[in-house]
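Next comes upload-v2.txt, a file with compact mmCIF, N, CA, C and O atoms.
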```
# COMPACT_ATOMS: atom_id res chain seq x y z
N MET M 178 -5.81 12.43 4.37
CA MET M 178 -4.40 12.67 4.16
C MET M 178 -4.11 14.16 4.25
O MET M 178 -3.13 14.54 4.87
N GLU M 179 -4.92 15.00 3.63
CA GLU M 179 -4.67 16.45 3.67
C GLU M 179 -4.69 16.97 5.09
O GLU M 179 -3.86 17.79 5.47
N GLN M 180 -5.62 16.47 5.89
CA GLN M 180 -5.71 16.91 7.28
C GLN M 180 -4.43 16.54 8.04
O GLN M 180 -3.93 17.30 8.84
N GLN M 181 -3.90 15.37 7.76
CA GLN M 181 -2.67 14.95 8.43
C GLN M 181 -1.51 15.85 8.06
O GLN M 181 -0.67 16.15 8.88
N ILE M 182 -1.46 16.30 6.83
CA ILE M 182 -0.35 17.11 6.37
C ILE M 182 -0.47 18.56 6.83
O ILE M 182 0.49 19.17 7.25
N SER M 183 -1.69 19.12 6.80
CA SER M 183 -1.83 20.55 7.00
C SER M 183 -2.34 20.97 8.37
O SER M 183 -2.54 22.14 8.60
N SER M 184 -2.59 20.05 9.28
CA SER M 184 -3.09 20.45 10.58
C SER M 184 -2.03 21.25 11.33
O SER M 184 -0.84 21.00 11.19
N PRO M 185 -2.46 22.24 12.15
CA PRO M 185 -1.51 23.13 12.81
C PRO M 185 -0.49 22.43 13.69
O PRO M 185 0.64 22.86 13.79
N GLY M 186 -0.85 21.33 14.32
CA GLY M 186 0.06 20.64 15.22
C GLY M 186 1.00 19.67 14.51
O GLY M 186 1.77 18.97 15.13
N THR M 187 0.91 19.60 13.19
CA THR M 187 1.72 18.65 12.43
C THR M 187 3.17 19.09 12.42
O THR M 187 3.50 20.21 12.08
N SER M 188 4.04 18.20 12.78
CA SER M 188 5.46 18.51 12.79
C SER M 188 6.05 18.36 11.39
O SER M 188 5.49 17.67 10.54
N LYS M 189 7.18 18.99 11.18
CA LYS M 189 7.89 18.85 9.91
C LYS M 189 8.32 17.40 9.71
O LYS M 189 8.32 16.89 8.59
N HIS M 190 8.65 16.74 10.82
CA HIS M 190 9.05 15.34 10.75
C HIS M 190 7.92 14.49 10.17
O HIS M 190 8.14 13.64 9.32
N HIS M 191 6.69 14.76 10.63
CA HIS M 191 5.52 14.04 10.14
C HIS M 191 5.29 14.35 8.66
O HIS M 191 4.94 13.45 7.89
N GLN M 192 5.48 15.60 8.26
CA GLN M 192 5.30 15.96 6.85
C GLN M 192 6.31 15.24 5.97
O GLN M 192 5.96 14.82 4.86
N HIS M 193 7.53 15.10 6.44
CA HIS M 193 8.54 14.37 5.67
C HIS M 193 8.15 12.91 5.53
O HIS M 193 8.37 12.31 4.47
N LYS M 194 7.58 12.34 6.56
CA LYS M 194 7.13 10.96 6.50
C LYS M 194 5.99 10.81 5.48
O LYS M 194 5.97 9.85 4.71
N MET M 195 5.04 11.75 5.49
CA MET M 195 3.94 11.69 4.52
C MET M 195 4.47 11.87 3.10
O MET M 195 4.01 11.19 2.18
N ALA M 196 5.44 12.75 2.91
CA ALA M 196 6.03 12.93 1.58
C ALA M 196 6.68 11.63 1.11
O ALA M 196 6.56 11.25 -0.06
N PHE M 197 7.35 10.94 2.02
CA PHE M 197 7.97 9.66 1.68
C PHE M 197 6.91 8.62 1.30
O PHE M 197 7.08 7.89 0.33
N ILE M 198 5.82 8.57 2.06
CA ILE M 198 4.73 7.63 1.76
C ILE M 198 4.15 7.92 0.39
O ILE M 198 3.89 6.99 -0.40
N ILE M 199 3.94 9.18 0.07
CA ILE M 199 3.38 9.54 -1.24
C ILE M 199 4.36 9.15 -2.34
O ILE M 199 3.96 8.59 -3.37
N TRP M 200 5.64 9.43 -2.15
CA TRP M 200 6.63 9.02 -3.14
C TRP M 200 6.65 7.50 -3.29
O TRP M 200 6.72 6.98 -4.40
N LEU M 201 6.58 6.80 -2.16
CA LEU M 201 6.59 5.34 -2.16
C LEU M 201 5.39 4.79 -2.93
O LEU M 201 5.45 3.71 -3.51
N ALA M 202 4.31 5.53 -2.96
CA ALA M 202 3.13 5.12 -3.71
C ALA M 202 3.25 5.47 -5.19
O ALA M 202 2.91 4.66 -6.06
N ILE M 203 3.74 6.65 -5.49
CA ILE M 203 3.76 7.14 -6.87
C ILE M 203 4.85 6.48 -7.72
O ILE M 203 4.59 6.08 -8.86
N PHE M 204 6.05 6.39 -7.22
CA PHE M 204 7.17 5.89 -8.02
C PHE M 204 6.91 4.50 -8.62
O PHE M 204 7.01 4.31 -9.83
N PRO M 205 6.54 3.50 -7.79
CA PRO M 205 6.31 2.17 -8.38
C PRO M 205 5.12 2.15 -9.34
O PRO M 205 5.15 1.46 -10.35
N LEU M 206 4.08 2.93 -9.02
CA LEU M 206 2.90 2.92 -9.88
C LEU M 206 3.22 3.52 -11.25
O LEU M 206 2.79 2.99 -12.28
N ILE M 207 3.97 4.61 -11.29
CA ILE M 207 4.37 5.19 -12.57
C ILE M 207 5.27 4.22 -13.34
O ILE M 207 5.11 4.02 -14.54
N THR M 208 6.20 3.60 -12.64
CA THR M 208 7.10 2.64 -13.28
C THR M 208 6.33 1.47 -13.88
O THR M 208 6.56 1.09 -15.04
N ILE M 209 5.40 0.92 -13.12
CA ILE M 209 4.59 -0.20 -13.62
C ILE M 209 3.73 0.22 -14.79
O ILE M 209 3.61 -0.50 -15.78
N THR M 210 3.12 1.40 -14.69
CA THR M 210 2.27 1.91 -15.77
C THR M 210 3.07 2.08 -17.06
O THR M 210 2.63 1.68 -18.14
N PHE M 211 4.26 2.67 -16.96
CA PHE M 211 5.10 2.81 -18.15
C PHE M 211 5.56 1.46 -18.68
O PHE M 211 5.66 1.26 -19.90
N TYR M 212 5.86 0.53 -17.80
CA TYR M 212 6.29 -0.79 -18.23
C TYR M 212 5.17 -1.49 -19.02
O TYR M 212 5.41 -2.09 -20.07
N LEU M 213 3.94 -1.39 -18.51
CA LEU M 213 2.82 -2.08 -19.14
C LEU M 213 2.28 -1.36 -20.37
O LEU M 213 1.88 -2.00 -21.34
N PHE M 214 2.23 -0.03 -20.32
CA PHE M 214 1.56 0.73 -21.38
C PHE M 214 2.46 1.75 -22.06
O PHE M 214 1.97 2.58 -22.83
N GLY M 215 3.75 1.71 -21.80
CA GLY M 215 4.66 2.73 -22.32
C GLY M 215 4.65 2.85 -23.83
O GLY M 215 4.63 3.96 -24.37
N ASP M 216 4.65 1.73 -24.54
CA ASP M 216 4.64 1.78 -26.00
C ASP M 216 3.37 2.43 -26.54
O ASP M 216 3.43 3.22 -27.49
N LEU M 217 2.24 2.13 -25.93
CA LEU M 217 0.98 2.75 -26.35
C LEU M 217 0.94 4.23 -25.99
O LEU M 217 0.47 5.05 -26.78
N LEU M 218 1.43 4.56 -24.80
CA LEU M 218 1.42 5.95 -24.37
C LEU M 218 2.31 6.83 -25.24
O LEU M 218 1.98 7.99 -25.50
N MET M 219 3.40 6.28 -25.73
CA MET M 219 4.32 7.07 -26.55
C MET M 219 3.71 7.47 -27.89
O MET M 219 4.18 8.40 -28.53
N LEU M 220 2.66 6.80 -28.28
CA LEU M 220 1.97 7.15 -29.53
C LEU M 220 1.10 8.39 -29.37
O LEU M 220 0.71 9.00 -30.37
N LEU M 221 0.79 8.75 -28.14
CA LEU M 221 -0.09 9.87 -27.87
C LEU M 221 0.70 11.17 -27.72
O LEU M 221 1.86 11.15 -27.33
N PRO M 222 0.04 12.29 -27.99
CA PRO M 222 0.69 13.58 -27.71
C PRO M 222 0.94 13.72 -26.20
O PRO M 222 0.27 13.08 -25.38
N LEU M 223 1.89 14.55 -25.85
CA LEU M 223 2.30 14.71 -24.45
C LEU M 223 1.13 15.04 -23.52
O LEU M 223 1.01 14.44 -22.46
N VAL M 224 0.27 15.96 -23.92
CA VAL M 224 -0.85 16.36 -23.05
C VAL M 224 -1.80 15.19 -22.83
O VAL M 224 -2.25 14.94 -21.70
N ALA M 225 -2.10 14.43 -23.86
CA ALA M 225 -2.99 13.27 -23.72
C ALA M 225 -2.34 12.20 -22.84
O ALA M 225 -3.00 11.59 -22.00
N ARG M 226 -1.05 11.99 -23.04
CA ARG M 226 -0.30 11.02 -22.23
C ARG M 226 -0.33 11.40 -20.75
O ARG M 226 -0.59 10.58 -19.87
N THR M 227 -0.05 12.67 -20.48
CA THR M 227 -0.05 13.16 -19.10
C THR M 227 -1.44 13.07 -18.50
O THR M 227 -1.60 12.67 -17.34
N PHE M 228 -2.47 13.41 -19.27
CA PHE M 228 -3.84 13.32 -18.78
C PHE M 228 -4.19 11.89 -18.39
O PHE M 228 -4.72 11.64 -17.31
N LEU M 229 -3.88 10.94 -19.26
CA LEU M 229 -4.20 9.54 -18.96
C LEU M 229 -3.44 9.03 -17.74
O LEU M 229 -4.01 8.33 -16.90
N LEU M 230 -2.17 9.36 -17.66
CA LEU M 230 -1.39 8.93 -16.49
C LEU M 230 -1.96 9.50 -15.20
O LEU M 230 -2.11 8.78 -14.21
N THR M 231 -2.25 10.78 -15.20
CA THR M 231 -2.75 11.40 -13.96
C THR M 231 -4.15 10.94 -13.61
O THR M 231 -4.47 10.79 -12.43
N ILE M 232 -4.99 10.67 -14.60
CA ILE M 232 -6.35 10.22 -14.29
C ILE M 232 -6.35 8.81 -13.71
O ILE M 232 -7.25 8.42 -12.97
N ILE M 233 -5.31 8.04 -14.01
CA ILE M 233 -5.17 6.70 -13.44
C ILE M 233 -4.42 6.75 -12.11
O ILE M 233 -4.85 6.18 -11.10
N ILE M 234 -3.31 7.45 -12.08
CA ILE M 234 -2.40 7.39 -10.94
C ILE M 234 -2.89 8.18 -9.73
O ILE M 234 -2.83 7.68 -8.60
N VAL M 235 -3.38 9.39 -9.92
CA VAL M 235 -3.77 10.22 -8.77
C VAL M 235 -4.87 9.56 -7.93
O VAL M 235 -4.71 9.43 -6.72
N PRO M 236 -6.00 9.14 -8.52
CA PRO M 236 -7.02 8.48 -7.67
C PRO M 236 -6.53 7.18 -7.03
O PRO M 236 -6.85 6.89 -5.89
N THR M 237 -5.74 6.42 -7.78
CA THR M 237 -5.22 5.16 -7.23
C THR M 237 -4.33 5.42 -6.02
O THR M 237 -4.45 4.75 -4.99
N VAL M 238 -3.45 6.41 -6.14
CA VAL M 238 -2.57 6.74 -5.03
C VAL M 238 -3.36 7.29 -3.86
O VAL M 238 -3.18 6.87 -2.71
N PHE M 239 -4.27 8.22 -4.13
CA PHE M 239 -4.99 8.92 -3.06
C PHE M 239 -5.98 8.03 -2.32
O PHE M 239 -6.08 8.09 -1.10
N TYR M 240 -6.72 7.19 -3.04
CA TYR M 240 -7.78 6.40 -2.42
C TYR M 240 -7.39 4.98 -2.05
O TYR M 240 -8.07 4.35 -1.24
N ILE M 241 -6.32 4.45 -2.63
CA ILE M 241 -5.97 3.06 -2.36
C ILE M 241 -4.60 2.92 -1.72
O ILE M 241 -4.46 2.36 -0.63
N ILE M 242 -3.57 3.39 -2.39
CA ILE M 242 -2.21 3.09 -1.96
C ILE M 242 -1.80 3.85 -0.70
O ILE M 242 -1.29 3.25 0.25
N VAL M 243 -2.00 5.17 -0.67
CA VAL M 243 -1.58 5.94 0.51
C VAL M 243 -2.36 5.52 1.76
O VAL M 243 -1.75 5.33 2.81
N PRO M 244 -3.68 5.32 1.70
CA PRO M 244 -4.36 4.82 2.91
C PRO M 244 -3.82 3.46 3.37
O PRO M 244 -3.68 3.22 4.57
N PHE M 245 -3.51 2.59 2.42
CA PHE M 245 -2.93 1.29 2.77
C PHE M 245 -1.59 1.45 3.47
O PHE M 245 -1.35 0.87 4.54
N TYR M 246 -0.70 2.25 2.88
CA TYR M 246 0.61 2.48 3.49
C TYR M 246 0.49 3.18 4.85
O TYR M 246 1.25 2.89 5.77
N THR M 247 -0.45 4.10 4.96
CA THR M 247 -0.64 4.82 6.22
C THR M 247 -1.06 3.85 7.33
O THR M 247 -0.56 3.93 8.45
N ARG M 248 -1.97 2.94 7.01
CA ARG M 248 -2.37 1.92 8.01
C ARG M 248 -1.20 0.98 8.30
O ARG M 248 -0.96 0.62 9.44
N LEU M 249 -0.51 0.57 7.26
CA LEU M 249 0.59 -0.37 7.41
C LEU M 249 1.71 0.21 8.27
O LEU M 249 2.31 -0.49 9.09
N LEU M 250 1.98 1.49 8.11
CA LEU M 250 3.09 2.14 8.82
C LEU M 250 2.62 3.08 9.95
O LEU M 250 3.31 4.00 10.31
N ALA M 251 1.45 2.79 10.49
CA ALA M 251 0.86 3.65 11.52
C ALA M 251 1.79 3.85 12.73
O ALA M 251 1.88 4.95 13.26
N ASN M 252 2.47 2.82 13.14
CA ASN M 252 3.37 2.94 14.29
C ASN M 252 4.54 3.87 14.00
O ASN M 252 5.07 4.51 14.90
N TRP M 253 4.95 3.92 12.76
CA TRP M 253 6.06 4.79 12.35
C TRP M 253 5.69 6.27 12.49
O TRP M 253 6.52 7.11 12.74
N PHE M 254 4.39 6.58 12.36
CA PHE M 254 3.92 7.96 12.47
C PHE M 254 3.79 8.45 13.91
O PHE M 254 3.67 9.63 14.15
N LYS M 255 3.81 7.53 14.84
CA LYS M 255 3.63 7.92 16.25
C LYS M 255 4.89 8.48 16.84
O LYS M 255 5.97 8.28 16.47
```

Could you write out this structure as structure tokens?
Amino acid sequence: MEQQISSPGTSKHHQHKMAFIIWLAIFPLITITFYLFGDLLMLLPLVARTFLLTIIIVPTVFYIIVPFYTRLLANWFK
């Protein structure tokens, strides 16, 4: 994903598409996580809450969701 975003020949149009894909991955995952665990998370201090959310969401987005969306929408990137 990083190579796609930062390669010298990458157009701004392509970067906007990648930003949309990342948002499309993060927004629902954060919403679902808060829906399922929001009451438990609110009991934790802010730093602990943020740590737990990021340790779950970042790897999930980076290794599972974004690659899936990238394959699914490959024609859109061309």

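Residues within 8 Å of segment 227-244 of chain M, counting all atoms listed in the file and excluding same-chain residues fewer than 4 positions away, are Met178, Met195, Ile198, Ile199, Leu201, Ala202, Ile203, Leu206, Ile207, Thr210, Leu218, Leu221, Pro222, Leu223, Arg248, Leu249, Leu250 and Ala251 of chain M.
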
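Between atom CA of Asp216 of chain M and atom CA of Phe245 of chain M there is a distance of 29.8 Å.
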
(request) Would you work out the distance separating atom O of His190 of chain M from atom CA of Tyr246 of chain M, expressed in Å to one decimal? (result)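 That distance, rounded to one decimal, is 14.7 Å.
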
(message) What's the separation between atom N of Lys189 of chain M and atom CA of Phe254 of chain M, in Å to one decimal place?
(response)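 Separating atom N of Lys189 of chain M from atom CA of Phe254 of chain M is a distance of 11.6 Å.
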
(message) I'd like to know which residues of chain M are helix (DSSP H, G or I) (by DSSP, run on the backbone); could you write them as a PyMOL selection string?
(response) chain M and resi 179-183+189-218+223-249+251-254

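Of the residues under consideration (M:Ala225, M:Trp253, M:Met219, M:Pro205), M:Trp253 shows the shortest atom-to-atom contact distance to His191 of chain M when counting only N, CA, C and O atoms.
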
Kindly provide, as JSON, the centre and edge lengths (Å, one decimal) of an axis-aligned box around all atoms of segment 213-229 of chain M given in the file, with 8 Å on each side.
```
{"center_x": 0.0, "center_y": 7.1, "center_z": -23.6, "size_x": 25.4, "size_y": 34.4, "size_z": 29.5}
```
